[in-house]
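Participant: If it helps, the file is called my_file.pdb and holds PDB, C-alpha atoms, pLDDT in the B column:
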```
ATOM      1  CA  MET T   3     -16.884   8.557 -66.042  1.00 53.00           C
ATOM      2  CA  PRO T   4     -16.451   4.828 -65.602  1.00 59.00           C
ATOM      3  CA  ALA T   5     -17.003   3.318 -62.203  1.00 59.00           C
ATOM      4  CA  SER T   6     -13.401   2.136 -61.938  1.00 63.00           C
ATOM      5  CA  ARG T   7     -12.045   5.692 -62.077  1.00 66.00           C
ATOM      6  CA  ARG T   8     -13.932   7.123 -59.106  1.00 71.00           C
ATOM      7  CA  ARG T   9     -11.887   8.728 -56.431  1.00 72.00           C
ATOM      8  CA  ARG T  10     -11.950   7.160 -53.027  1.00 72.00           C
ATOM      9  CA  ALA T  11     -13.137   9.398 -50.257  1.00 66.00           C
ATOM     10  CA  ALA T  12     -10.692  10.277 -47.491  1.00 62.00           C
ATOM     11  CA  PRO T  13     -11.263   8.360 -44.281  1.00 60.00           C
ATOM     12  CA  PRO T  14     -13.415  10.288 -41.848  1.00 60.00           C
ATOM     13  CA  ARG T  15     -11.527  12.219 -39.210  1.00 63.00           C
ATOM     14  CA  ARG T  16     -13.823  10.940 -36.509  1.00 69.00           C
ATOM     15  CA  SER T  17     -12.161   7.547 -36.527  1.00 75.00           C
ATOM     16  CA  ARG T  18      -8.776   9.151 -35.830  1.00 76.00           C
ATOM     17  CA  SER T  19     -10.068  11.335 -33.030  1.00 84.00           C
ATOM     18  CA  THR T  20     -11.936   8.388 -31.537  1.00 86.00           C
ATOM     19  CA  ALA T  21      -8.773   6.289 -31.621  1.00 86.00           C
ATOM     20  CA  LEU T  22      -6.818   9.076 -29.935  1.00 86.00           C
ATOM     21  CA  ARG T  23      -9.496   9.492 -27.284  1.00 87.00           C
ATOM     22  CA  VAL T  24      -9.558   5.760 -26.562  1.00 89.00           C
ATOM     23  CA  GLY T  25      -5.764   5.718 -26.396  1.00 90.00           C
ATOM     24  CA  ARG T  26      -5.701   8.673 -24.012  1.00 90.00           C
ATOM     25  CA  VAL T  27      -8.337   7.148 -21.747  1.00 92.00           C
ATOM     26  CA  ALA T  28      -6.588   3.771 -21.724  1.00 93.00           C
ATOM     27  CA  SER T  29      -3.137   5.195 -21.017  1.00 94.00           C
ATOM     28  CA  MET T  30      -4.301   7.649 -18.341  1.00 95.00           C
ATOM     29  CA  GLY T  31      -6.460   4.967 -16.745  1.00 95.00           C
ATOM     30  CA  LEU T  32      -3.462   2.651 -16.631  1.00 96.00           C
ATOM     31  CA  VAL T  33      -1.265   5.340 -15.058  1.00 96.00           C
ATOM     32  CA  ALA T  34      -3.903   6.151 -12.422  1.00 96.00           C
ATOM     33  CA  LEU T  35      -4.362   2.450 -11.669  1.00 97.00           C
ATOM     34  CA  LEU T  36      -0.592   1.932 -11.304  1.00 98.00           C
ATOM     35  CA  ILE T  37      -0.369   4.863  -8.882  1.00 97.00           C
ATOM     36  CA  LEU T  38      -3.180   3.421  -6.770  1.00 97.00           C
ATOM     37  CA  ILE T  39      -1.606  -0.055  -6.798  1.00 98.00           C
ATOM     38  CA  ALA T  40       1.734   1.449  -5.726  1.00 97.00           C
ATOM     39  CA  GLY T  41      -0.027   3.263  -2.870  1.00 97.00           C
ATOM     40  CA  VAL T  42      -1.674   0.070  -1.638  1.00 97.00           C
ATOM     41  CA  TRP T  43       1.627  -1.811  -1.991  1.00 97.00           C
ATOM     42  CA  ALA T  44       3.502   0.827   0.036  1.00 96.00           C
ATOM     43  CA  SER T  45       0.824   0.882   2.734  1.00 95.00           C
ATOM     44  CA  TRP T  46       0.324  -2.859   3.009  1.00 95.00           C
ATOM     45  CA  GLY T  47       3.879  -3.465   4.234  1.00 89.00           C
ATOM     46  CA  THR T  48       2.944  -1.889   7.571  1.00 89.00           C
ATOM     47  CA  ALA T  49      -0.837  -2.179   7.511  1.00 92.00           C
ATOM     48  CA  GLN T  50      -0.815  -5.980   7.385  1.00 93.00           C
ATOM     49  CA  HIS T  51       0.812  -6.155  10.798  1.00 91.00           C
ATOM     50  CA  VAL T  52      -1.593  -3.663  12.347  1.00 91.00           C
ATOM     51  CA  MET T  53      -4.820  -4.820  10.703  1.00 92.00           C
ATOM     52  CA  LEU T  54      -4.198  -8.581  10.928  1.00 89.00           C
ATOM     53  CA  PRO T  55      -2.435  -8.984  14.287  1.00 82.00           C
ATOM     54  CA  GLY T  56      -3.619 -12.573  14.889  1.00 83.00           C
ATOM     55  CA  GLY T  57      -0.685 -14.700  15.987  1.00 84.00           C
ATOM     56  CA  ARG T  58       1.645 -11.718  16.291  1.00 88.00           C
ATOM     57  CA  GLU T  59       3.149 -10.454  19.499  1.00 90.00           C
ATOM     58  CA  LYS T  60       1.291  -7.470  20.956  1.00 92.00           C
ATOM     59  CA  GLY T  61       2.294  -5.254  23.826  1.00 93.00           C
ATOM     60  CA  THR T  62       3.642  -1.840  24.721  1.00 93.00           C
ATOM     61  CA  VAL T  63       6.890   0.020  24.216  1.00 93.00           C
ATOM     62  CA  VAL T  64       8.092   2.760  26.547  1.00 92.00           C
ATOM     63  CA  VAL T  65      10.216   5.014  24.350  1.00 92.00           C
ATOM     64  CA  THR T  66      13.580   5.755  25.987  1.00 92.00           C
ATOM     65  CA  ARG T  67      15.561   7.141  23.046  1.00 91.00           C
ATOM     66  CA  CYS T  68      14.844   8.584  19.607  1.00 88.00           C
ATOM     67  CA  GLY T  69      17.100   9.108  16.622  1.00 86.00           C
ATOM     68  CA  GLU T  70      16.328  10.603  13.234  1.00 86.00           C
ATOM     69  CA  GLU T  71      14.771   7.441  11.798  1.00 87.00           C
ATOM     70  CA  THR T  72      13.898   5.215  14.770  1.00 89.00           C
ATOM     71  CA  CYS T  73      12.923   5.231  18.423  1.00 90.00           C
ATOM     72  CA  THR T  74      13.788   2.454  20.866  1.00 92.00           C
ATOM     73  CA  GLY T  75      12.621   1.235  24.230  1.00 93.00           C
ATOM     74  CA  PRO T  76      11.799  -1.877  26.243  1.00 94.00           C
ATOM     75  CA  PHE T  77       8.923  -4.078  25.085  1.00 93.00           C
ATOM     76  CA  THR T  78       6.367  -5.303  27.610  1.00 92.00           C
ATOM     77  CA  PRO T  79       4.252  -8.212  26.327  1.00 92.00           C
ATOM     78  CA  GLY T  80       0.503  -7.846  26.254  1.00 89.00           C
ATOM     79  CA  SER T  81      -0.571 -11.055  24.505  1.00 87.00           C
ATOM     80  CA  ALA T  82      -0.089 -14.762  25.064  1.00 85.00           C
ATOM     81  CA  GLY T  83       3.153 -16.008  23.585  1.00 84.00           C
ATOM     82  CA  ALA T  84       4.824 -12.595  23.521  1.00 86.00           C
ATOM     83  CA  THR T  85       8.232 -12.288  25.152  1.00 88.00           C
ATOM     84  CA  ALA T  86       9.680  -9.272  26.902  1.00 88.00           C
ATOM     85  CA  ARG T  87      12.584  -7.563  25.158  1.00 90.00           C
ATOM     86  CA  LYS T  88      15.052  -5.008  26.423  1.00 92.00           C
ATOM     87  CA  SER T  89      15.136  -3.103  23.158  1.00 90.00           C
ATOM     88  CA  MET T  90      12.413  -2.747  20.540  1.00 91.00           C
ATOM     89  CA  THR T  91      12.567  -0.380  17.565  1.00 91.00           C
ATOM     90  CA  ILE T  92       9.727   1.763  16.242  1.00 88.00           C
ATOM     91  CA  ALA T  93      10.522   2.972  12.736  1.00 80.00           C
ATOM     92  CA  GLU T  94       9.660   6.460  11.543  1.00 70.00           C
ATOM     93  CA  PRO T  95       9.196   8.245  14.870  1.00 65.00           C
ATOM     94  CA  ILE T  96       6.407  10.551  13.754  1.00 70.00           C
ATOM     95  CA  ALA T  97       4.656  11.970  16.819  1.00 77.00           C
ATOM     96  CA  VAL T  98       6.567   9.664  19.160  1.00 81.00           C
ATOM     97  CA  GLU T  99       7.884  11.250  22.348  1.00 84.00           C
ATOM     98  CA  VAL T 100      10.517   9.999  24.749  1.00 87.00           C
ATOM     99  CA  GLY T 101       8.963   8.693  27.961  1.00 89.00           C
ATOM    100  CA  GLN T 102       5.589   7.869  26.414  1.00 90.00           C
ATOM    101  CA  THR T 103       4.108   4.376  26.210  1.00 91.00           C
ATOM    102  CA  TYR T 104       2.706   3.128  22.892  1.00 90.00           C
ATOM    103  CA  ALA T 105       0.680   0.051  22.010  1.00 91.00           C
ATOM    104  CA  VAL T 106       2.530  -1.903  19.321  1.00 92.00           C
ATOM    105  CA  VAL T 107       2.490  -5.065  17.233  1.00 92.00           C
ATOM    106  CA  VAL T 108       5.825  -6.794  16.617  1.00 91.00           C
ATOM    107  CA  LYS T 109       6.773  -7.633  13.041  1.00 89.00           C
ATOM    108  CA  PRO T 110       7.511 -11.368  12.783  1.00 88.00           C
ATOM    109  CA  ASP T 111      11.126 -12.472  13.233  1.00 85.00           C
ATOM    110  CA  SER T 112      12.405  -9.000  14.065  1.00 86.00           C
ATOM    111  CA  ASN T 113      12.889  -6.438  16.810  1.00 87.00           C
ATOM    112  CA  GLU T 114      10.811  -3.892  14.938  1.00 90.00           C
ATOM    113  CA  ALA T 115       7.357  -2.848  16.066  1.00 90.00           C
ATOM    114  CA  VAL T 116       4.580  -0.816  14.493  1.00 90.00           C
ATOM    115  CA  ARG T 117       1.993   1.214  16.348  1.00 89.00           C
ATOM    116  CA  SER T 118      -1.348  -0.495  16.742  1.00 89.00           C
ATOM    117  CA  GLY T 119      -4.876   0.750  17.218  1.00 89.00           C
ATOM    118  CA  PRO T 120      -6.643   3.418  15.168  1.00 91.00           C
ATOM    119  CA  ALA T 121      -3.568   5.645  15.000  1.00 88.00           C
ATOM    120  CA  GLY T 122      -1.421   2.806  13.676  1.00 90.00           C
ATOM    121  CA  ILE T 123      -3.994   1.784  11.075  1.00 92.00           C
ATOM    122  CA  LEU T 124      -4.480   5.328   9.796  1.00 93.00           C
ATOM    123  CA  TYR T 125      -0.739   6.029   9.737  1.00 91.00           C
ATOM    124  CA  ALA T 126      -0.084   2.809   7.828  1.00 92.00           C
ATOM    125  CA  TRP T 127      -2.490   3.884   5.069  1.00 95.00           C
ATOM    126  CA  VAL T 128      -1.007   7.383   4.562  1.00 95.00           C
ATOM    127  CA  PRO T 129       0.893   6.321   1.393  1.00 96.00           C
ATOM    128  CA  PHE T 130      -2.413   5.197  -0.112  1.00 97.00           C
ATOM    129  CA  GLY T 131      -3.931   8.574   0.792  1.00 97.00           C
ATOM    130  CA  GLY T 132      -1.113  10.272  -1.094  1.00 97.00           C
ATOM    131  CA  ALA T 133      -1.675   7.959  -4.045  1.00 98.00           C
ATOM    132  CA  LEU T 134      -5.356   8.905  -4.069  1.00 98.00           C
ATOM    133  CA  LEU T 135      -4.411  12.578  -4.204  1.00 97.00           C
ATOM    134  CA  LEU T 136      -1.937  12.053  -7.020  1.00 97.00           C
ATOM    135  CA  ALA T 137      -4.223   9.791  -9.033  1.00 97.00           C
ATOM    136  CA  SER T 138      -7.091  12.270  -8.704  1.00 97.00           C
ATOM    137  CA  ILE T 139      -5.105  14.783 -10.745  1.00 96.00           C
ATOM    138  CA  ILE T 140      -4.640  12.243 -13.516  1.00 96.00           C
ATOM    139  CA  VAL T 141      -8.295  11.221 -13.388  1.00 96.00           C
ATOM    140  CA  ALA T 142      -9.401  14.853 -13.637  1.00 95.00           C
ATOM    141  CA  GLY T 143      -6.995  15.892 -16.380  1.00 92.00           C
ATOM    142  CA  GLY T 144      -6.381  12.735 -18.356  1.00 91.00           C
ATOM    143  CA  LEU T 145      -9.708  10.970 -18.021  1.00 91.00           C
ATOM    144  CA  ARG T 146     -11.815  14.107 -17.665  1.00 92.00           C
ATOM    145  CA  LYS T 147     -13.815  12.602 -14.814  1.00 94.00           C
ATOM    146  CA  ALA T 148     -14.176  15.574 -12.474  1.00 95.00           C
ATOM    147  CA  ARG T 149     -16.615  14.024  -9.999  1.00 97.00           C
ATOM    148  CA  LEU T 150     -14.573  10.873  -9.574  1.00 96.00           C
ATOM    149  CA  ALA T 151     -11.442  12.989  -9.168  1.00 97.00           C
ATOM    150  CA  TRP T 152     -13.082  15.082  -6.440  1.00 97.00           C
ATOM    151  CA  VAL T 153     -14.179  11.942  -4.599  1.00 97.00           C
ATOM    152  CA  MET T 154     -10.666  10.501  -4.815  1.00 97.00           C
ATOM    153  CA  ALA T 155      -9.040  13.750  -3.696  1.00 97.00           C
ATOM    154  CA  GLY T 156     -11.507  14.147  -0.836  1.00 97.00           C
ATOM    155  CA  SER T 157     -10.872  10.581   0.303  1.00 97.00           C
ATOM    156  CA  GLY T 158      -7.117  11.121   0.184  1.00 97.00           C
ATOM    157  CA  VAL T 159      -7.322  14.376   2.146  1.00 97.00           C
ATOM    158  CA  ALA T 160      -9.656  12.775   4.708  1.00 97.00           C
ATOM    159  CA  LEU T 161      -7.307   9.818   5.184  1.00 96.00           C
ATOM    160  CA  VAL T 162      -4.179  11.936   5.563  1.00 96.00           C
ATOM    161  CA  THR T 163      -5.944  14.408   7.879  1.00 96.00           C
ATOM    162  CA  ALA T 164      -7.400  11.638  10.047  1.00 95.00           C
ATOM    163  CA  ALA T 165      -3.950  10.061  10.358  1.00 92.00           C
ATOM    164  CA  PHE T 166      -2.437  13.427  11.290  1.00 91.00           C
ATOM    165  CA  LEU T 167      -5.054  14.000  13.988  1.00 92.00           C
ATOM    166  CA  ALA T 168      -4.881  10.421  15.318  1.00 88.00           C
ATOM    167  CA  VAL T 169      -1.115  10.248  15.567  1.00 78.00           C
TER
END
```
Could you take the file, read its structure, and then write that structure out as structure tokens?
Facilitator:
Amino acid sequence: MPASRRRRAAPPRRSRSTALRVGRVASMGLVALLILIAGVWASWGTAQHVMLPGGREKGTVVVTRCGEETCTGPFTPGSAGATARKSMTIAEPIAVEVGQTYAVVVKPDSNEAVRSGPAGILYAWVPFGGALLLASIIVAGGLRKARLAWVMAGSGVALVTAAFLAV
């Protein structure tokens, strides 16, 4: 048989399975990364005010009334440059009781305050804790990284539990 008539061998199946594996790892890694970025983005909206309070008004709010989505009360300044206000709003009244006094940081150019201190920091990062829990499922199933997934899930549970106990 002449050399020009030889049959070409079929491409090895390993290259296809390797390409699929790389594609799966890349796509699942991207999804997990996007979930974590979304969690940080959702948390940072509140956490920036609590964690970096320099130059912001700090003080206390005595809660006088609560609705379904907000609680209100008078603001007493606790830092230089802060002004007293008759009505200050605390969004998302989780574990806020009427008649109680809470340490707060005022969001710039608004009448909205966020809780400060350890409870405020932990509560601000709860969305990131949820993102860790969700991403751990993708890391375990899609990336097949069980240890990393357990670490992520444990971190998410610890963060959410600490926030629950602190608030």
Participant: Under the rule that all atoms listed in the file are counted, which of T:Ala28, T:Gly47, T:Leu36, T:Arg9 is the nearest residue to Trp127 in chain T?
Facilitator: T:Gly47
Participant: The PyMOL selection byres ((chain T and resi 56) around 12) on the file shown: which residues, as a PyMOL selection string?
Facilitator: chain T and resi 50-55+57-60+81-83+107-110
Participant: What's the 10 Å shell around Asn113 in chain T, counting only C-alpha atoms, without same-chain residues fewer than 5 positions away, as a VMD selection string?
Facilitator: chain T and resid 74 77 87 to 92 108
Participant: For the structure shown, which residues end up in the PyMOL selection byres ((chain T and resi 151) around 9)? Put them as a compact mmCIF listing (two decimals) with C-alpha atoms, in the frame of the given file, please?
Facilitator:
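Once written, selection.txt looks like this:
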```txt
# COMPACT_ATOMS: atom_id res chain seq x y z
CA LEU T 134 -5.36 8.90 -4.07
CA LEU T 135 -4.41 12.58 -4.20
CA ALA T 137 -4.22 9.79 -9.03
CA SER T 138 -7.09 12.27 -8.70
CA ILE T 139 -5.11 14.78 -10.74
CA ILE T 140 -4.64 12.24 -13.52
CA VAL T 141 -8.30 11.22 -13.39
CA ALA T 142 -9.40 14.85 -13.64
CA GLY T 143 -7.00 15.89 -16.38
CA ARG T 146 -11.82 14.11 -17.66
CA LYS T 147 -13.82 12.60 -14.81
CA ALA T 148 -14.18 15.57 -12.47
CA ARG T 149 -16.61 14.02 -10.00
CA LEU T 150 -14.57 10.87 -9.57
CA TRP T 152 -13.08 15.08 -6.44
CA VAL T 153 -14.18 11.94 -4.60
CA MET T 154 -10.67 10.50 -4.82
CA ALA T 155 -9.04 13.75 -3.70
CA GLY T 156 -11.51 14.15 -0.84
```
Participant: Just the residues within 7 Å of Val169 in chain T, please, counting all atoms listed in the file, with nothing from its chain fewer than 3 positions along; format it as a list in words.
Facilitator: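 In the requested form, the answer reads Ala97, Ala121, Ala165 and Phe166 of chain T.
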